[in-house]
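target-v1.txt follows (compact mmCIF, C-alpha atoms):
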# COMPACT_ATOMS: atom_id res chain seq x y z
CA MET A 1 97.88 87.35 75.59
CA CYS A 2 100.16 89.71 73.66
CA ASN A 3 98.60 89.56 70.18
CA GLY A 4 95.20 89.73 68.45
CA SER A 5 91.82 90.71 69.85
CA ILE A 6 91.54 91.09 73.60
CA MET A 7 87.95 90.72 74.82
CA ASP A 8 87.38 87.20 73.49
CA LYS A 9 90.69 86.07 75.02
CA LEU A 10 89.81 87.69 78.32
CA ILE A 11 86.52 85.81 78.35
CA SER A 12 88.10 82.48 77.40
CA PHE A 13 90.74 83.01 80.12
CA SER A 14 88.37 84.34 82.79
CA LEU A 15 85.47 81.94 82.39
CA PRO A 16 87.31 78.73 83.38
CA LEU A 17 89.03 80.65 86.18
CA MET A 18 85.67 81.99 87.33
CA LEU A 19 84.18 78.51 87.35
CA SER A 20 87.28 77.19 89.16
CA SER A 21 86.94 79.83 91.86
CA ILE A 22 83.22 79.10 92.21
CA LEU A 23 83.97 75.40 92.59
CA GLN A 24 86.60 76.18 95.22
CA LEU A 25 84.10 78.33 97.08
CA MET A 26 81.63 75.47 96.80
CA PHE A 27 83.86 73.52 99.23
CA ASN A 28 82.74 75.92 101.95
CA ALA A 29 79.23 76.39 100.50
CA VAL A 30 78.52 72.66 100.53
CA ASP A 31 79.67 72.52 104.15
CA ILE A 32 77.27 75.34 104.99
CA ILE A 33 74.34 73.91 103.02
CA VAL A 34 74.71 70.38 104.43
CA VAL A 35 74.94 71.44 108.08
CA GLY A 36 72.27 74.10 107.59
CA ARG A 37 69.77 71.66 106.07
CA PHE A 38 70.64 68.45 107.90
CA ASP A 39 72.02 69.58 111.28
CA SER A 40 71.07 72.85 113.02
CA SER A 41 71.23 76.65 112.84
CA GLN A 42 73.97 76.52 115.50
CA ALA A 43 76.05 74.23 113.26
CA LEU A 44 75.46 76.61 110.33
CA ALA A 45 76.59 79.57 112.47
CA ALA A 46 79.61 77.57 113.70
CA VAL A 47 80.91 76.87 110.19
CA GLY A 48 80.21 80.42 109.01
CA SER A 49 81.85 82.07 112.02
CA THR A 50 85.20 80.58 110.99
CA THR A 51 85.31 82.03 107.46
CA ALA A 52 86.79 85.44 108.28
CA LEU A 53 89.35 83.91 110.66
CA ILE A 54 90.43 81.27 108.15
CA ASN A 55 90.90 84.01 105.55
CA ILE A 56 93.02 86.09 107.96
CA PHE A 57 95.32 83.13 108.55
CA THR A 58 95.59 82.02 104.91
CA ASN A 59 95.34 85.09 102.70
CA LEU A 60 98.87 86.34 103.28
CA PHE A 61 100.24 83.21 101.59
CA ILE A 62 97.47 83.12 98.98
CA GLY A 63 98.35 86.72 98.14
CA ILE A 64 101.99 85.72 97.73
CA SER A 65 100.86 83.23 95.06
CA LEU A 66 99.90 86.27 92.96
CA GLY A 67 103.58 87.19 92.99
CA ALA A 68 104.40 83.72 91.63
CA ASN A 69 101.76 84.21 88.93
CA VAL A 70 103.17 87.57 87.82
CA LEU A 71 106.78 86.36 87.82
CA ALA A 72 105.99 83.17 85.89
CA ALA A 73 103.89 85.09 83.35
CA ARG A 74 106.79 87.46 82.63
CA TYR A 75 109.36 84.70 82.19
CA PHE A 76 107.00 82.64 80.03
CA ALA A 77 106.16 85.57 77.71
CA ALA A 78 109.84 86.51 77.40
CA GLY A 79 110.89 82.88 76.67
CA ARG A 80 113.27 82.75 79.65
CA ASP A 81 112.98 79.01 80.25
CA LYS A 82 115.68 78.59 82.92
CA GLU A 83 114.30 81.41 85.07
CA MET A 84 110.77 80.09 84.56
CA SER A 85 111.71 76.61 85.79
CA GLU A 86 113.56 77.88 88.85
CA ALA A 87 110.72 80.26 89.73
CA VAL A 88 108.17 77.41 89.50
CA HIS A 89 110.19 75.15 91.81
CA THR A 90 110.72 77.98 94.28
CA ALA A 91 106.98 78.74 94.31
CA ILE A 92 105.95 75.12 94.91
CA THR A 93 108.51 74.73 97.72
CA LEU A 94 107.21 77.94 99.31
CA ALA A 95 103.65 76.58 99.07
CA LEU A 96 104.61 73.39 100.90
CA ILE A 97 106.46 75.22 103.69
CA SER A 98 103.72 77.83 104.18
CA GLY A 99 101.03 75.12 104.22
CA VAL A 100 102.77 73.23 107.02
CA ILE A 101 103.24 76.44 109.02
CA MET A 102 99.58 77.36 108.59
CA ALA A 103 98.44 73.90 109.71
CA PHE A 104 100.17 74.27 113.08
CA VAL A 105 99.46 77.97 113.65
CA GLY A 106 95.81 77.79 112.62
CA ALA A 107 94.98 74.67 114.60
CA GLY A 108 96.76 75.94 117.70
CA ALA A 109 95.24 79.43 117.70
CA SER A 110 91.65 78.50 116.76
CA ARG A 111 89.98 78.74 120.17
CA LEU A 112 91.85 81.89 121.22
CA ALA A 113 90.88 83.66 117.97
CA LEU A 114 87.23 82.63 118.25
CA ASP A 115 87.15 83.81 121.88
CA LEU A 116 88.53 87.20 120.82
CA MET A 117 85.66 87.49 118.31
CA ASP A 118 83.09 86.93 121.08
CA THR A 119 81.77 83.76 119.45
CA PRO A 120 78.64 82.70 121.42
CA ALA A 121 78.91 79.79 123.86
CA ASP A 122 76.34 77.69 121.97
CA VAL A 123 78.50 77.84 118.83
CA ILE A 124 82.16 78.04 119.84
CA ASP A 125 82.92 74.35 120.48
CA GLN A 126 81.69 73.35 117.04
CA SER A 127 83.57 76.29 115.47
CA VAL A 128 86.83 75.17 117.09
CA THR A 129 86.32 71.60 115.85
CA TYR A 130 85.72 72.78 112.27
CA MET A 131 88.71 75.14 112.24
CA ARG A 132 91.19 72.63 113.64
CA ILE A 133 90.30 69.93 111.13
CA TYR A 134 90.17 72.46 108.27
CA PHE A 135 93.68 73.73 109.00
CA MET A 136 95.10 70.23 108.83
CA GLY A 137 94.44 70.45 105.09
CA MET A 138 96.44 73.67 104.61
CA PRO A 139 99.43 71.98 102.86
CA PHE A 140 97.05 70.59 100.21
CA PHE A 141 95.23 73.94 99.91
CA MET A 142 98.46 75.90 99.42
CA LEU A 143 99.99 73.46 96.93
CA TYR A 144 96.87 73.55 94.79
CA ASN A 145 96.69 77.36 94.76
CA TYR A 146 100.35 77.86 93.88
CA GLY A 147 100.25 75.11 91.24
CA ALA A 148 97.13 76.65 89.71
CA ALA A 149 98.84 80.09 89.75
CA VAL A 150 101.63 78.66 87.59
CA LEU A 151 99.15 77.18 85.12
CA ARG A 152 97.24 80.48 84.91
CA ALA A 153 100.50 82.31 84.22
CA VAL A 154 100.95 80.30 81.01
CA GLY A 155 97.31 80.79 79.99
CA ASP A 156 95.90 77.45 81.18
CA THR A 157 92.74 77.92 83.24
CA LYS A 158 90.87 74.86 81.97
CA ARG A 159 92.80 72.07 83.68
CA PRO A 160 92.52 73.66 87.16
CA LEU A 161 88.77 73.82 86.50
CA LEU A 162 88.64 70.09 85.76
CA PHE A 163 90.68 69.32 88.88
CA LEU A 164 88.36 71.35 91.08
CA ALA A 165 85.27 69.79 89.50
CA THR A 166 86.62 66.36 90.43
CA ALA A 167 87.48 67.49 93.95
CA GLY A 168 84.13 69.25 94.32
CA MET A 169 82.18 66.07 93.54
CA ALA A 170 84.27 64.22 96.12
CA ASN A 171 83.50 66.97 98.65
CA VAL A 172 79.73 66.75 98.11
CA ALA A 173 79.74 62.96 98.44
CA LEU A 174 81.83 62.99 101.61
CA ASP A 175 79.82 65.79 103.24
CA LEU A 176 76.56 63.94 102.69
CA LEU A 177 78.09 60.68 103.90
CA LEU A 178 79.66 62.18 107.03
CA VAL A 179 76.66 64.27 108.10
CA ILE A 180 73.59 62.26 107.07
CA VAL A 181 74.78 58.64 107.04
CA ILE A 182 77.53 58.99 109.65
CA PRO A 183 76.33 61.92 111.82
CA LEU A 184 79.60 63.68 112.56
CA GLY A 185 78.16 67.20 112.14
CA VAL A 186 80.69 70.01 111.58
CA ALA A 187 83.59 67.55 111.96
CA GLY A 188 82.18 65.56 109.03
CA VAL A 189 82.02 68.52 106.65
CA ALA A 190 85.53 69.60 107.68
CA ILE A 191 86.89 66.13 106.93
CA GLY A 192 85.11 66.19 103.57
CA THR A 193 86.65 69.54 102.67
CA VAL A 194 90.19 68.51 103.63
CA SER A 195 89.85 65.27 101.64
CA SER A 196 88.66 67.14 98.54
CA GLN A 197 91.56 69.60 98.85
CA PHE A 198 93.92 66.63 98.88
CA VAL A 199 92.38 65.44 95.60
CA SER A 200 92.81 68.82 93.86
CA CYS A 201 96.38 69.11 95.18
CA ILE A 202 97.42 65.72 93.80
CA LEU A 203 95.85 66.47 90.42
CA VAL A 204 97.56 69.85 89.93
CA LEU A 205 100.98 68.51 90.99
CA TRP A 206 100.55 65.54 88.65
CA CYS A 207 99.66 67.97 85.83
CA LEU A 208 102.76 70.09 86.40
CA HIS A 209 104.93 66.98 86.65
CA ARG A 210 103.62 65.63 83.32
CA SER A 211 103.84 68.99 81.52
CA GLU A 212 106.45 69.66 78.88
CA GLY A 213 108.58 72.77 78.75
CA SER A 214 109.79 75.40 81.16
CA TYR A 215 107.10 74.95 83.83
CA GLN A 216 107.54 71.18 84.22
CA LEU A 217 107.76 70.18 87.90
CA ARG A 218 110.54 67.86 89.05
CA PHE A 219 110.23 66.96 92.72
CA SER A 220 114.00 66.40 92.96
CA LYS A 221 114.50 70.07 92.02
CA LEU A 222 112.29 71.52 94.76
CA THR A 223 114.30 74.20 96.50
CA ILE A 224 114.21 77.88 97.45
CA LYS A 225 116.14 80.16 95.11
CA TRP A 226 116.37 83.40 97.02
CA ILE A 227 116.51 85.66 93.96
CA TYR A 228 113.12 84.36 92.78
CA LEU A 229 111.67 84.28 96.28
CA ARG A 230 112.54 87.96 96.66
CA ARG A 231 110.85 88.80 93.35
CA ILE A 232 107.77 86.78 94.28
CA PHE A 233 107.63 88.59 97.61
CA GLN A 234 107.94 92.02 95.97
CA VAL A 235 104.53 91.58 94.35
CA GLY A 236 103.02 88.92 96.58
CA ILE A 237 103.62 90.19 100.11
CA PRO A 238 101.85 93.56 99.60
CA ALA A 239 98.96 91.69 97.93
CA GLY A 240 98.86 89.21 100.81
CA ILE A 241 99.00 91.94 103.46
CA GLN A 242 96.20 93.81 101.69
CA SER A 243 94.00 90.71 101.61
CA THR A 244 94.84 89.82 105.21
CA VAL A 245 94.08 93.28 106.55
CA ILE A 246 90.81 93.48 104.59
CA ASN A 247 89.81 90.12 106.04
CA PHE A 248 90.77 91.43 109.48
CA SER A 249 88.16 94.14 108.95
CA ASN A 250 85.74 91.38 107.93
CA ALA A 251 86.54 89.63 111.20
CA MET A 252 85.66 92.83 113.07
CA LEU A 253 82.43 92.88 111.08
CA GLN A 254 81.83 89.25 112.05
CA SER A 255 82.36 90.20 115.68
CA SER A 256 79.69 92.90 115.34
CA VAL A 257 77.31 90.39 113.77
CA ASN A 258 78.05 87.94 116.62
CA SER A 259 76.59 90.46 119.04
CA PHE A 260 73.15 89.88 117.47
CA GLY A 261 73.20 86.15 118.37
CA SER A 262 73.35 82.83 116.51
CA THR A 263 70.34 83.54 114.25
CA ALA A 264 71.94 86.68 112.81
CA MET A 265 75.25 84.79 112.54
CA ALA A 266 73.55 82.07 110.50
CA GLY A 267 71.93 84.70 108.25
CA TYR A 268 75.26 86.44 107.74
CA THR A 269 76.91 83.09 106.99
CA ALA A 270 74.45 82.35 104.19
CA ALA A 271 74.47 85.92 102.79
CA ASN A 272 78.25 86.14 102.96
CA ASN A 273 78.53 82.90 101.02
CA VAL A 274 76.34 84.38 98.28
CA LEU A 275 78.58 87.48 98.23
CA GLY A 276 81.55 85.14 98.01
CA PHE A 277 80.27 83.84 94.68
CA LEU A 278 79.97 87.41 93.42
CA TYR A 279 83.51 88.19 94.57
CA VAL A 280 85.21 85.20 92.95
CA SER A 281 83.40 86.00 89.69
CA VAL A 282 84.79 89.54 89.49
CA ASN A 283 88.14 88.42 90.92
CA ALA A 284 88.54 86.02 87.96
CA VAL A 285 88.51 89.09 85.69
CA THR A 286 91.05 90.76 87.98
CA GLN A 287 93.36 87.73 87.70
CA ALA A 288 93.01 87.87 83.92
CA CYS A 289 93.86 91.58 84.00
CA MET A 290 96.96 90.90 86.07
CA SER A 291 98.23 88.06 83.85
CA PHE A 292 97.52 89.90 80.57
CA THR A 293 99.06 93.13 81.88
CA SER A 294 102.15 91.30 83.13
CA GLN A 295 102.84 89.57 79.83
CA ASN A 296 102.24 92.73 77.76
CA TYR A 297 104.35 94.80 80.14
CA SER A 298 107.24 92.34 79.73
CA VAL A 299 107.21 92.91 75.95
CA GLY A 300 106.60 96.69 76.15
CA LYS A 301 103.05 96.93 74.73
CA GLN A 302 101.69 99.86 76.71
CA LYS A 303 98.63 100.61 74.52
CA ARG A 304 97.56 97.00 74.73
CA MET A 305 97.91 97.18 78.53
CA ASP A 306 95.49 100.14 78.59
CA ARG A 307 93.03 98.27 76.38
CA VAL A 308 93.25 95.22 78.66
CA LEU A 309 92.24 97.32 81.68
CA LEU A 310 89.35 98.99 79.81
CA ASP A 311 87.99 95.67 78.50
CA CYS A 312 88.35 94.13 81.96
CA MET A 313 86.33 96.97 83.49
CA ILE A 314 83.55 96.41 80.95
CA LEU A 315 83.60 92.66 81.55
CA SER A 316 83.75 92.96 85.35
CA ALA A 317 80.95 95.54 85.52
CA GLY A 318 78.75 93.39 83.28
CA VAL A 319 79.33 90.19 85.26
CA SER A 320 78.83 91.82 88.66
CA ALA A 321 75.71 93.74 87.53
CA VAL A 322 74.01 90.60 86.23
CA LEU A 323 74.96 88.43 89.23
CA GLY A 324 74.39 91.17 91.81
CA VAL A 325 70.90 92.09 90.59
CA GLY A 326 70.06 88.39 90.25
CA ALA A 327 71.22 87.70 93.81
CA TYR A 328 69.01 90.53 95.08
CA ILE A 329 65.89 89.55 93.12
CA PHE A 330 66.14 85.86 93.95
CA GLY A 331 67.76 86.35 97.35
CA SER A 332 65.09 84.62 99.43
CA GLN A 333 65.10 81.57 97.19
CA VAL A 334 68.90 81.39 97.20
CA LEU A 335 69.11 81.73 100.97
CA GLY A 336 66.46 79.02 101.23
CA ILE A 337 69.03 76.59 99.83
CA TYR A 338 71.14 77.11 102.94
CA THR A 339 68.42 76.99 105.58
CA SER A 340 64.66 76.63 106.07
CA ASP A 341 64.64 78.93 109.13
CA ALA A 342 62.54 82.00 108.23
CA GLU A 343 64.34 84.27 110.73
CA VAL A 344 67.75 83.30 109.36
CA ILE A 345 66.56 84.05 105.80
CA LYS A 346 65.20 87.42 106.95
CA CYS A 347 68.58 88.39 108.43
CA GLY A 348 70.36 87.26 105.27
CA MET A 349 68.06 89.33 103.04
CA GLU A 350 68.69 92.41 105.17
CA ILE A 351 72.38 92.09 104.34
CA LEU A 352 71.90 91.27 100.63
CA SER A 353 69.59 94.27 100.16
CA ILE A 354 72.48 96.72 100.59
CA THR A 355 75.44 94.78 99.17
CA THR A 356 74.41 92.98 95.96
CA VAL A 357 73.18 95.61 93.47
CA PRO A 358 76.21 97.96 93.87
CA TYR A 359 78.64 95.03 93.72
CA PHE A 360 80.08 96.27 90.39
CA LEU A 361 81.92 98.86 92.53
CA CYS A 362 83.81 96.04 94.25
CA GLY A 363 84.81 94.69 90.83
CA ILE A 364 86.28 98.04 89.77
CA MET A 365 88.01 98.41 93.14
CA ASP A 366 89.63 95.01 92.63
CA LEU A 367 90.75 95.66 89.03
CA ILE A 368 93.00 98.68 89.48
CA PRO A 369 95.36 96.93 91.95
CA GLY A 370 95.39 93.93 89.58
CA ALA A 371 96.64 96.11 86.72
CA LEU A 372 99.25 97.76 88.96
CA ARG A 373 100.53 94.36 90.18
CA GLY A 374 100.83 93.24 86.58
CA MET A 375 103.21 96.18 86.07
CA GLY A 376 105.16 95.14 89.17
CA HIS A 377 103.75 97.76 91.56
CA SER A 378 102.02 96.13 94.51
CA ALA A 379 102.86 98.20 97.60
CA VAL A 380 100.94 101.39 96.73
CA PRO A 381 97.59 99.67 95.96
CA MET A 382 98.02 97.74 99.20
CA VAL A 383 98.30 100.95 101.22
CA LEU A 384 95.35 102.56 99.44
CA SER A 385 93.13 99.51 99.86
CA VAL A 386 93.96 99.31 103.55
CA ILE A 387 93.22 103.02 104.05
CA GLY A 388 90.08 103.05 101.89
CA THR A 389 88.46 99.70 102.64
CA VAL A 390 89.67 98.92 106.14
CA GLY A 391 89.79 102.51 107.37
CA THR A 392 86.23 103.22 106.26
CA ARG A 393 84.92 100.04 107.90
CA ILE A 394 86.72 100.66 111.18
CA VAL A 395 85.35 104.19 111.40
CA TRP A 396 81.88 102.91 110.56
CA ILE A 397 81.90 99.92 112.95
CA TYR A 398 83.26 101.80 115.96
CA GLY A 399 82.06 105.33 115.21
CA PHE A 400 78.54 105.07 113.76
CA PHE A 401 77.26 101.51 114.19
CA PRO A 402 77.02 101.62 118.04
CA HIS A 403 74.46 104.45 117.71
CA HIS A 404 72.34 102.74 115.00
CA ARG A 405 72.45 99.03 115.74
CA SER A 406 70.99 97.06 112.82
CA LEU A 407 72.39 94.66 110.25
CA PHE A 408 71.29 96.99 107.44
CA PHE A 409 73.15 99.97 108.90
CA LEU A 410 76.24 97.85 109.63
CA PHE A 411 76.57 96.67 106.02
CA ILE A 412 76.20 100.12 104.45
CA SER A 413 79.94 100.23 105.15
CA TYR A 414 80.48 97.92 102.16
CA PRO A 415 79.52 100.26 99.26
CA GLY A 416 80.89 103.24 101.18
CA SER A 417 84.33 101.65 101.49
CA TRP A 418 84.30 100.60 97.81
CA ILE A 419 83.67 104.15 96.61
CA ALA A 420 86.33 105.67 98.89
CA THR A 421 88.93 103.15 97.74
CA ILE A 422 88.19 103.55 94.01
CA LEU A 423 88.68 107.32 94.17
CA MET A 424 92.12 106.94 95.77
CA GLN A 425 93.14 104.10 93.44
CA ALA A 426 92.25 106.09 90.30
CA VAL A 427 94.62 108.90 91.29
CA CYS A 428 97.33 106.37 92.15
CA PHE A 429 96.95 104.54 88.84
CA TYR A 430 97.38 107.73 86.83
CA PHE A 431 100.79 108.50 88.33
CA VAL A 432 102.09 104.91 88.47
CA ARG A 433 101.14 104.34 84.81
CA LYS A 434 103.09 107.46 83.78
CA LYS A 435 106.13 106.11 85.64
CA CYS A 436 105.82 102.69 83.98
CA ILE A 437 105.53 104.21 80.51
CA ARG A 438 108.72 106.19 81.10
CA GLN A 439 110.47 102.98 82.20
CA LEU A 440 109.29 101.14 79.10
CA LYS A 441 110.50 103.93 76.81
CA THR A 442 113.90 103.89 78.55
CA VAL A 443 114.23 100.10 78.20
CA ASN A 444 113.15 100.18 74.54
CA GLY A 445 115.56 102.96 73.77

Using structure tokens, write down the structure that the file contains.
Amino acid sequence: MCNGSIMDKLISFSLPLMLSSILQLMFNAVDIIVVGRFDSSQALAAVGSTTALINIFTNLFIGISLGANVLAARYFAAGRDKEMSEAVHTAITLALISGVIMAFVGAGASRLALDLMDTPADVIDQSVTYMRIYFMGMPFFMLYNYGAAVLRAVGDTKRPLLFLATAGMANVALDLLLVIVIPLGVAGVAIGTVSSQFVSCILVLWCLHRSEGSYQLRFSKLTIKWIYLRRIFQVGIPAGIQSTVINFSNAMLQSSVNSFGSTAMAGYTAANNVLGFLYVSVNAVTQACMSFTSQNYSVGKQKRMDRVLLDCMILSAGVSAVLGVGAYIFGSQVLGIYTSDAEVIKCGMEILSITTVPYFLCGIMDLIPGALRGMGHSAVPMVLSVIGTVGTRIVWIYGFFPHHRSLFFLFISYPGSWIATILMQAVCFYFVRKKCIRQLKTVNG
């Protein structure tokens, strides 16, 4: 990451990560497709109505895994093997503890949270069933994500891809078995997802255990070293809070969609899943930006850091433009994979018509915080993202939407919030970069 050409390395790093993220999203997509095609629109709405809530519960800890990624990348680039090993064992222990906590909290609070979102009566029981089973797999989900973060920190994005491909095939097989052959409905797809997460978890832990060098995992060494936990939290907690708060605004958006009934909910579920594929594609470039920036920052290569951000912006804009325009042009056909209900597809297309083409703005909005986290600054982009993204959506949902009630008008808040956030982030990046350059010059004498 610290030498040679940049763009080709960014692509070779991002592409497996992009495919890995798409496969991970496929866990939820397969659930949605199977219940949408082989069960009912209510089952489709039930699974989809849980997405924002699940993200609220989990994204704090997933965000913290970014702190583990940044810390491991720095130690690996600097050749600090002892610190690298202790940071890895601290991160994996944290993943296990957080996964167990999330299993109990998520399962226990499912019905209350769905009630607060005004989930319709014809959907809520199935939604509760799906959420409770899904959260039982949180320890596996967390262990995979933290283990994969360690592998990405050392430049390995290919093995996590293979692990997710294996788990994804297991998920498809189990979903079809437990919905079509054994008609368990939403409970069946939830069981399939948890089982596939168990597979990916075992594979990534086995990989770390069999690895050679500073990031080798020894289960007897699992412990919390507070010095590394604090450093992980410095980057990870602001990132996690940012993601959690943004998903809280998505939950408010989901609540507004719920007011249109189960057909609109099903349309939003399908459209939101399509947008999820766009997001993980641009987020793969953001993760590359963060890892490359972190390693180059640790060895004092400021000009290379700037080039990394520029190349990432070009790559992210290109990927999101191609996928976003494609999703808009072929939107009806794509939504037809999820459901055959014409009214559901119509609602989904209303949402895609305003969110897909300008999606490159979301990619840029995601990149700047990634570069700042790579330099060890995570709190400021968190605040700006909360003000720009969440603030804009709250004002829109509660200030303007009640007077112009339509799905189209509701989702205009997406590009509006992206633009507002980018403008604030650009100013922030200018001043933080100047501070980091002064620090590098001081360290290098």

Please measure the separation of CA of Met365 (chain A) and CA of Val319 (chain A), giving the value in Å to one decimal.
->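 Answer for the CA of Met365 (chain A) to CA of Val319 (chain A) separation: 14.3 Å.
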
Just how far from CA of Thr129 (chain A) is CA of Thr58 (chain A), in Å to one decimal?
-> 17.7 Å

Taking all atoms listed in the file into account, produce a table as a Markdown table in which each residue of region 408-436 of chain A with an atom at most 6 Å from an atom of region 377-401 of chain A appears once, together with its shortest atom pair and the distance in Å to one decimal, ordered by chain and rising number.
| residue | atom | partner | partner_atom | distance |
| --- | --- | --- | --- | --- |
| A:Leu410 | CA | A:Phe401 | CA | 5.9 |
| A:Ser413 | CA | A:Arg393 | CA | 5.7 |
| A:Ser417 | CA | A:Thr389 | CA | 4.7 |
| A:Ala420 | CA | A:Gly388 | CA | 5.5 |
| A:Thr421 | CA | A:Gly388 | CA | 4.3 |

Residue contacts of region 169-185 of chain A (9 Å, all atoms listed in the file) excluding same-chain residues fewer than 2 positions away, as a PyMOL selection string = chain A and resi 26-27+30-31+34-35+38-39+43+126+164-167+187-197+199

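Atom to atom, CA of Pro139 (chain A) and CA of Thr90 (chain A) stand 15.4 Å apart.
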
Residues within 12 Å of Asp8 (chain A), only C-alpha atoms, excluding chain neighbours under 3 positions, as a PyMOL selection string | chain A and resi 1+3-5+11-15+288+308+311-312+315

Put those residues in a file: C-alpha atoms, as a compact mmCIF listing (two decimals), in the coordinates of the input.
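Dumped to selection-v7.txt:
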# COMPACT_ATOMS: atom_id res chain seq x y z
CA MET A 1 97.88 87.35 75.59
CA ASN A 3 98.60 89.56 70.18
CA GLY A 4 95.20 89.73 68.45
CA SER A 5 91.82 90.71 69.85
CA ILE A 11 86.52 85.81 78.35
CA SER A 12 88.10 82.48 77.40
CA PHE A 13 90.74 83.01 80.12
CA SER A 14 88.37 84.34 82.79
CA LEU A 15 85.47 81.94 82.39
CA ALA A 288 93.01 87.87 83.92
CA VAL A 308 93.25 95.22 78.66
CA ASP A 311 87.99 95.67 78.50
CA CYS A 312 88.35 94.13 81.96
CA LEU A 315 83.60 92.66 81.55

Nearest residue to Leu71 (chain A) from the set A:Gln234, A:Asn55, A:Gln242, A:Ser220 (distances using only C-alpha atoms) | A:Gln234

Just give me the residues with any atom within 9 Å of (98.2, 95.4, 76.7), file coordinates, counting only C-alpha atoms, written as a PyMOL selection string.
-> chain A and resi 1-3+6+292-297+300-309

For Gly331 (chain A), work out the shell of residues within 9 Å, counting all atoms listed in the file and skipping chain neighbours fewer than 4 positions away, then give it as number ranges by chain.
-> A: 271, 274, 326-327, 335-336, 345, 348-349, 352-353

Give me the box for region 410-419 of chain A as JSON, namely the centre and edge lengths in Å to one decimal of a box along x, y and z that holds every listed atom plus 3 Å on each side.
{"center_x": 80.3, "center_y": 100.4, "center_z": 103.1, "size_x": 14.1, "size_y": 13.5, "size_z": 19.0}
